[in-house]
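Asks: What follows is query.cif, made up of mmCIF, C-alpha atoms and all ligand atoms:
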data_target
#
loop_
_atom_site.group_PDB
_atom_site.id
_atom_site.type_symbol
_atom_site.label_atom_id
_atom_site.label_comp_id
_atom_site.auth_asym_id
_atom_site.auth_seq_id
_atom_site.Cartn_x
_atom_site.Cartn_y
_atom_site.Cartn_z
ATOM 1 C CA MET A 26 77.918 90.584 91.854
ATOM 2 C CA GLY A 27 77.193 94.212 90.969
ATOM 3 C CA LYS A 28 78.398 95.873 87.798
ATOM 4 C CA ALA A 29 80.640 98.370 89.603
ATOM 5 C CA THR A 30 82.438 95.837 91.810
ATOM 6 C CA GLN A 31 82.741 93.532 88.811
ATOM 7 C CA ASP A 32 84.543 96.272 86.875
ATOM 8 C CA LEU A 33 86.959 96.801 89.776
ATOM 9 C CA ARG A 34 87.610 93.059 90.058
ATOM 10 C CA LYS A 35 88.450 92.995 86.363
ATOM 11 C CA GLU A 36 90.931 95.809 86.871
ATOM 12 C CA HIS A 37 92.449 93.863 89.779
ATOM 13 C CA GLU A 38 93.164 91.038 87.337
ATOM 14 C CA ALA A 39 95.042 93.446 85.048
ATOM 15 C CA ILE A 40 97.014 94.925 87.947
ATOM 16 C CA LEU A 41 97.941 91.470 89.302
ATOM 17 C CA TYR A 42 99.120 90.452 85.858
ATOM 18 C CA VAL A 43 101.388 93.497 85.649
ATOM 19 C CA LEU A 44 102.733 92.745 89.141
ATOM 20 C CA GLN A 45 103.586 89.250 87.947
ATOM 21 C CA ILE A 46 105.472 90.727 84.980
ATOM 22 C CA LEU A 47 107.185 93.233 87.265
ATOM 23 C CA GLU A 48 108.358 90.383 89.479
ATOM 24 C CA LYS A 49 109.875 88.682 86.463
ATOM 25 C CA MET A 50 111.561 91.943 85.394
ATOM 26 C CA THR A 51 113.237 92.316 88.786
ATOM 27 C CA GLU A 52 114.772 88.847 88.749
ATOM 28 C CA PRO A 53 118.598 89.047 88.770
ATOM 29 C CA ASP A 54 120.116 89.601 85.303
ATOM 30 C CA SER A 55 116.761 89.532 83.523
ATOM 31 C CA ARG A 56 118.037 92.284 81.144
ATOM 32 C CA ASP A 57 120.847 94.799 80.783
ATOM 33 C CA THR A 58 120.577 98.001 82.825
ATOM 34 C CA GLU A 59 119.564 100.319 79.997
ATOM 35 C CA SER A 60 116.641 98.234 78.802
ATOM 36 C CA LEU A 61 115.570 97.525 82.382
ATOM 37 C CA LEU A 62 115.430 101.262 83.079
ATOM 38 C CA HIS A 63 113.278 101.667 79.987
ATOM 39 C CA TYR A 64 110.786 98.971 80.999
ATOM 40 C CA TYR A 65 110.735 100.096 84.617
ATOM 41 C CA GLY A 66 109.848 103.582 83.432
ATOM 42 C CA GLU A 67 106.905 102.169 81.497
ATOM 43 C CA VAL A 68 105.739 100.138 84.494
ATOM 44 C CA VAL A 69 105.813 103.232 86.709
ATOM 45 C CA TYR A 70 103.744 105.012 84.057
ATOM 46 C CA PHE A 71 101.200 102.158 84.063
ATOM 47 C CA LEU A 72 100.999 102.065 87.859
ATOM 48 C CA ARG A 73 100.493 105.828 88.066
ATOM 49 C CA ILE A 74 97.854 106.074 85.360
ATOM 50 C CA PHE A 75 95.991 102.801 85.520
ATOM 51 C CA ALA A 76 96.433 101.419 89.045
ATOM 52 C CA ASP A 77 96.435 104.698 90.913
ATOM 53 C CA LYS A 78 94.606 107.419 88.962
ATOM 54 C CA CYS A 79 92.067 105.215 87.224
ATOM 55 C CA HIS A 80 91.471 102.283 89.578
ATOM 56 C CA HIS A 81 92.143 103.832 92.988
ATOM 57 C CA GLY A 82 90.352 106.955 91.768
ATOM 58 C CA LYS A 83 87.191 104.936 91.049
ATOM 59 C CA GLU A 84 87.388 103.366 94.495
ATOM 60 C CA GLU A 85 88.122 106.544 96.418
ATOM 61 C CA ASN A 86 85.808 108.955 94.602
ATOM 62 C CA HIS A 87 82.864 106.616 94.192
ATOM 63 C CA LEU A 88 82.820 103.207 95.880
ATOM 64 C CA PHE A 89 84.395 104.159 99.217
ATOM 65 C CA LYS A 90 82.290 107.312 99.466
ATOM 66 C CA GLU A 91 79.129 105.291 98.900
ATOM 67 C CA LEU A 92 80.184 102.697 101.470
ATOM 68 C CA VAL A 93 80.712 105.432 104.051
ATOM 69 C CA ASN A 94 77.268 106.840 103.127
ATOM 70 C CA LYS A 95 75.841 103.408 103.842
ATOM 71 C CA GLY A 96 77.429 103.370 107.289
ATOM 72 C CA VAL A 97 80.627 101.367 106.678
ATOM 73 C CA PRO A 98 83.202 102.956 109.011
ATOM 74 C CA ASN A 99 85.940 105.081 107.472
ATOM 75 C CA GLU A 100 88.543 106.011 110.072
ATOM 76 C CA GLY A 101 89.385 102.995 112.174
ATOM 77 C CA GLY A 102 87.340 100.820 109.783
ATOM 78 C CA PRO A 103 87.832 98.967 106.497
ATOM 79 C CA VAL A 104 87.560 102.059 104.265
ATOM 80 C CA GLY A 105 90.214 103.879 106.301
ATOM 81 C CA VAL A 106 92.570 100.908 106.002
ATOM 82 C CA MET A 107 92.094 100.789 102.213
ATOM 83 C CA LEU A 108 92.788 104.542 101.924
ATOM 84 C CA GLN A 109 95.949 104.178 103.999
ATOM 85 C CA GLU A 110 97.143 101.382 101.741
ATOM 86 C CA HIS A 111 96.530 103.483 98.632
ATOM 87 C CA ALA A 112 98.632 106.252 100.199
ATOM 88 C CA GLN A 113 101.387 103.772 101.062
ATOM 89 C CA GLY A 114 101.308 102.487 97.480
ATOM 90 C CA ARG A 115 101.796 106.050 96.188
ATOM 91 C CA GLU A 116 104.877 106.363 98.382
ATOM 92 C CA TYR A 117 106.348 103.174 96.953
ATOM 93 C CA ILE A 118 105.669 104.396 93.410
ATOM 94 C CA ALA A 119 107.453 107.655 94.272
ATOM 95 C CA GLN A 120 110.417 105.623 95.569
ATOM 96 C CA MET A 121 110.486 103.562 92.371
ATOM 97 C CA SER A 122 110.412 106.744 90.324
ATOM 98 C CA GLN A 123 113.200 108.351 92.349
ATOM 99 C CA SER A 124 115.359 105.222 91.995
ATOM 100 C CA LEU A 125 114.783 105.396 88.244
ATOM 101 C CA ASP A 126 116.022 108.993 88.150
ATOM 102 C CA GLU A 127 119.131 107.854 90.000
ATOM 103 C CA LYS A 128 119.500 104.791 87.734
ATOM 104 C CA ASN A 129 119.483 102.755 90.946
ATOM 105 C CA ILE A 130 118.247 99.299 89.935
ATOM 106 C CA GLU A 131 118.597 97.828 93.410
ATOM 107 C CA GLY A 132 116.640 100.686 94.988
ATOM 108 C CA PHE A 133 113.936 100.239 92.363
ATOM 109 C CA ASN A 134 113.747 96.481 92.932
ATOM 110 C CA ASN A 135 113.399 96.958 96.692
ATOM 111 C CA ALA A 136 110.574 99.489 96.351
ATOM 112 C CA ALA A 137 108.913 97.323 93.675
ATOM 113 C CA ALA A 138 108.957 94.285 96.003
ATOM 114 C CA LEU A 139 107.310 96.306 98.783
ATOM 115 C CA TYR A 140 104.721 97.629 96.330
ATOM 116 C CA ARG A 141 103.886 94.168 94.972
ATOM 117 C CA ASP A 142 103.475 92.741 98.419
ATOM 118 C CA LEU A 143 101.260 95.626 99.549
ATOM 119 C CA LEU A 144 99.056 95.600 96.455
ATOM 120 C CA ARG A 145 98.564 91.830 96.402
ATOM 121 C CA ARG A 146 97.392 91.832 100.000
ATOM 122 C CA HIS A 147 95.294 94.928 99.363
ATOM 123 C CA ILE A 148 93.546 93.421 96.332
ATOM 124 C CA ASP A 149 92.923 90.218 98.228
ATOM 125 C CA LYS A 150 91.192 92.148 101.023
ATOM 126 C CA GLU A 151 89.086 94.130 98.567
ATOM 127 C CA ASN A 152 88.027 91.086 96.569
ATOM 128 C CA ASN A 153 87.223 88.945 99.574
ATOM 129 C CA VAL A 154 85.971 91.405 102.149
ATOM 130 C CA LEU A 155 85.232 94.934 100.969
ATOM 131 C CA PHE A 156 83.552 94.135 97.648
ATOM 132 C CA MET A 157 81.441 91.421 99.296
ATOM 133 C CA MET A 158 80.321 94.044 101.750
ATOM 134 C CA ALA A 159 79.655 96.486 98.894
ATOM 135 C CA ASP A 160 77.530 93.939 97.033
ATOM 136 C CA LYS A 161 75.400 93.568 100.145
ATOM 137 C CA VAL A 162 74.795 97.249 100.872
ATOM 138 C CA ILE A 163 74.773 98.802 97.378
ATOM 139 C CA ASP A 164 71.880 97.528 95.282
ATOM 140 C CA GLU A 165 71.933 96.692 91.596
ATOM 141 C CA GLN A 166 70.500 99.973 90.390
ATOM 142 C CA GLU A 167 73.034 101.976 92.402
ATOM 143 C CA GLN A 168 75.823 99.770 91.101
ATOM 144 C CA ASN A 169 74.721 100.386 87.521
ATOM 145 C CA LEU A 170 74.809 104.106 88.160
ATOM 146 C CA MET A 171 78.231 103.835 89.775
ATOM 147 C CA PHE A 172 79.483 101.887 86.769
ATOM 148 C CA GLU A 173 78.460 104.791 84.525
ATOM 149 C CA GLN A 174 80.431 107.135 86.772
ATOM 150 C CA PHE A 175 83.382 104.753 86.479
ATOM 151 C CA GLU A 176 83.242 104.941 82.700
ATOM 152 C CA GLN A 177 83.204 108.714 82.853
ATOM 153 C CA HIS A 178 86.121 108.714 85.296
ATOM 154 C CA GLU A 179 88.075 106.365 83.050
ATOM 155 C CA GLU A 180 87.433 108.572 80.050
ATOM 156 C CA ASN A 181 88.658 111.607 82.001
ATOM 157 C CA VAL A 182 91.837 110.149 83.468
ATOM 158 C CA VAL A 183 92.850 107.548 80.888
ATOM 159 C CA GLY A 184 91.017 108.177 77.621
ATOM 160 C CA HIS A 185 90.894 105.902 74.630
ATOM 161 C CA GLY A 186 94.364 106.564 73.196
ATOM 162 C CA VAL A 187 96.186 105.965 76.469
ATOM 163 C CA HIS A 188 94.154 102.832 77.100
ATOM 164 C CA GLU A 189 95.369 101.339 73.828
ATOM 165 C CA LYS A 190 98.919 102.391 74.606
ATOM 166 C CA LEU A 191 98.834 100.689 78.036
ATOM 167 C CA HIS A 192 97.552 97.473 76.487
ATOM 168 C CA ALA A 193 100.280 97.506 73.875
ATOM 169 C CA MET A 194 102.912 98.046 76.584
ATOM 170 C CA ILE A 195 101.656 95.094 78.606
ATOM 171 C CA ASP A 196 101.734 92.850 75.524
ATOM 172 C CA THR A 197 105.317 93.846 74.808
ATOM 173 C CA TRP A 198 106.465 93.225 78.403
ATOM 174 C CA ALA A 199 104.792 89.836 78.474
ATOM 175 C CA GLU A 200 106.634 88.895 75.293
ATOM 176 C CA VAL A 201 110.041 90.278 76.279
ATOM 177 C CA PHE A 202 109.937 88.761 79.772
ATOM 178 C CA ALA A 203 108.152 85.593 78.680
ATOM 179 C CA VAL A 204 105.177 85.808 81.012
ATOM 180 C CA GLU A 205 102.143 83.706 80.108
HETATM 181 FE FE FE B 1 92.018 99.747 96.549
HETATM 182 FE FE FE B 2 91.218 97.861 94.121
#
Here is a file; write its structure as structure tokens.
Ligand SMILES: [Fe+2]
Ligand SMILES: [Fe+2]

Replies:
Amino acid sequence: MGKATQDLRKEHEAILYVLQILEKMTEPDSRDTESLLHYYGEVVYFLRIFADKCHHGKEENHLFKELVNKGVPNEGGPVGVMLQEHAQGREYIAQMSQSLDEKNIEGFNNAAALYRDLLRRHIDKENNVLFMMADKVIDEQEQNLMFEQFEQHEENVVGHGVHEKLHAMIDTWAEVFAVE
């Protein structure tokens, strides 16, 4: 397994963990409305910064581009499907955010369920199909280089301070909603 795909797989683990917490949050009567709105706001923040800007940014700006360079089809092929799913995910995040503004818990829960389902299937496809393909066509040296670009990207879009903040948020959610 190359260093770049390994980094993305690690991020998948973090995203799946947050989706598990989010599922717990959306269970009926898990908390009162005010505190739910607070935690939902934090989750939307995490999904925007970490899942979309950082993780999907690494995939779109680096990995997918390299795959297309190596001849993996974009439109009508696996890369195109992944890009479409990222765009769909952004729409669901926008719906979650809008529901938050309207203090509409049910609307948020519906959009969150669609998002979870989409992302879980998406991650499964990347882990089991796309990254396998990437490990075949992108050699170790190129993966090492890509990993350096990932670190730079992460520094640009997340930065050290925000990284710490996201970790602290996840720890708090896990405690409040009793997720292992
Ligand atoms: Fe992706
Ligand atoms: Fe991914």

Asks: Looking at A:Ile46, A:Asp54, A:His63, A:Leu88, which one is nearest to Met158 (chain A), with distances taken over all atoms listed in the file?

Replies: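 Ranking A:Ile46, A:Asp54, A:His63, A:Leu88 by distance to Met158 (chain A), first place goes to A:Leu88.
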
Asks: Go through A:Met107, A:Val97, A:Ile130, A:Leu170 and flag the residue nearest Lys150 (chain A), using only C-alpha atoms for the distances.

Replies: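 Smallest distance to Lys150 (chain A) is found for A:Met107.
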
Asks: Could you tell me how far CA of Arg34 (chain A) lies from CA of Ile118 (chain A), in Å and to one decimal?

Replies: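 Result for CA of Arg34 (chain A) versus CA of Ile118 (chain A): 21.6 Å, one decimal.
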
Asks: Can you tell me, as a VMD selection string, what residues are no more than 12 Å from Thr58 (chain A) when counting only C-alpha atoms, ignoring any on the same chain fewer than 4 positions away?

Replies: chain A and resid 50 to 51 53 to 54 62 to 65 125 128 to 131 133

Asks: How far is it from CA of Glu180 (chain A) to CA of His111 (chain A), in Å with one decimal?

Replies: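 Between CA of Glu180 (chain A) and CA of His111 (chain A) the gap is 21.3 Å.
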
Asks: A:His147, A:Arg115, A:Lys35, A:Arg141: which is nearest ligand FE 1 (chain B), counting all atoms listed in the file?

Replies: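 When distances to ligand FE 1 (chain B) are compared using all atoms listed in the file, the smallest one comes from A:His147.
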
Asks: Applied to the shown file, which residues does the PyMOL selection byres (((chain A and resi 119) around 12) and not hetatm) return, written as a list in words?

Replies: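 Matching residues under the PyMOL selection byres (((chain A and resi 119) around 12) and not hetatm) are Gly66, Val69, Tyr70, Leu72, Arg73, Asp77, Ala112, Gln113, Gly114, Arg115, Glu116, Tyr117, Ile118, Gln120, Met121, Ser122, Gln123, Ser124, Leu125, Asp126, Gly132, Phe133, Ala136, Ala137 and Tyr140 of chain A.
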
Asks: Go through the chains and note each residue within 12 Å of ligand FE 1 (chain B), using all atoms listed in the file, then give the set as a count of residues only.

Replies: 46

Asks: Report, as AutoDock Vina command-line options, the centre and edge lengths in Å (one decimal) of the axis-aligned box enclosing every listed atom of region 146-160 of chain A, padded by 8 Å on each side.

Replies:
--center_x 87.5 --center_y 92.7 --center_z 99.2 --size_x 35.9 --size_y 23.5 --size_z 21.8

Asks: Quick one, how far is CA of Asn169 (chain A) from CA of Ala193 (chain A)?

Replies: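 Pair CA of Asn169 (chain A) / CA of Ala193 (chain A) returns 29.1 Å.
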
Asks: With distances taken over all atoms listed in the file, which of A:Glu200, A:Phe75, A:Leu44, A:Gly27 is nearest to Glu179 (chain A)?

Replies: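 Distance minimum relative to Glu179 (chain A) lands on A:Phe75.
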
Asks: Which residue out of A:Ala39, A:Asn99, A:Lys49, A:Leu92 has the minimum interatomic distance to Met157 (chain A) when all atoms listed in the file are used?

Replies: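 Of A:Ala39, A:Asn99, A:Lys49, A:Leu92, the one nearest Met157 (chain A) is A:Leu92, counting all atoms listed in the file.
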
Asks: Set the distance at 9 Å and use all atoms listed in the file: which residues neighbour region 164-168 of chain A once local chain neighbours fewer than 2 positions away are removed? I'd like the list as a PyMOL selection string.

Replies: chain A and resi 26-30+159-162+170-173

Asks: Counting all atoms listed in the file, which residue out of A:Leu61, A:Arg56, A:Asn153, A:Met194 sits closest to ligand FE 2 (chain B)?

Replies: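 Smallest separation from ligand FE 2 (chain B) among the options: A:Asn153.
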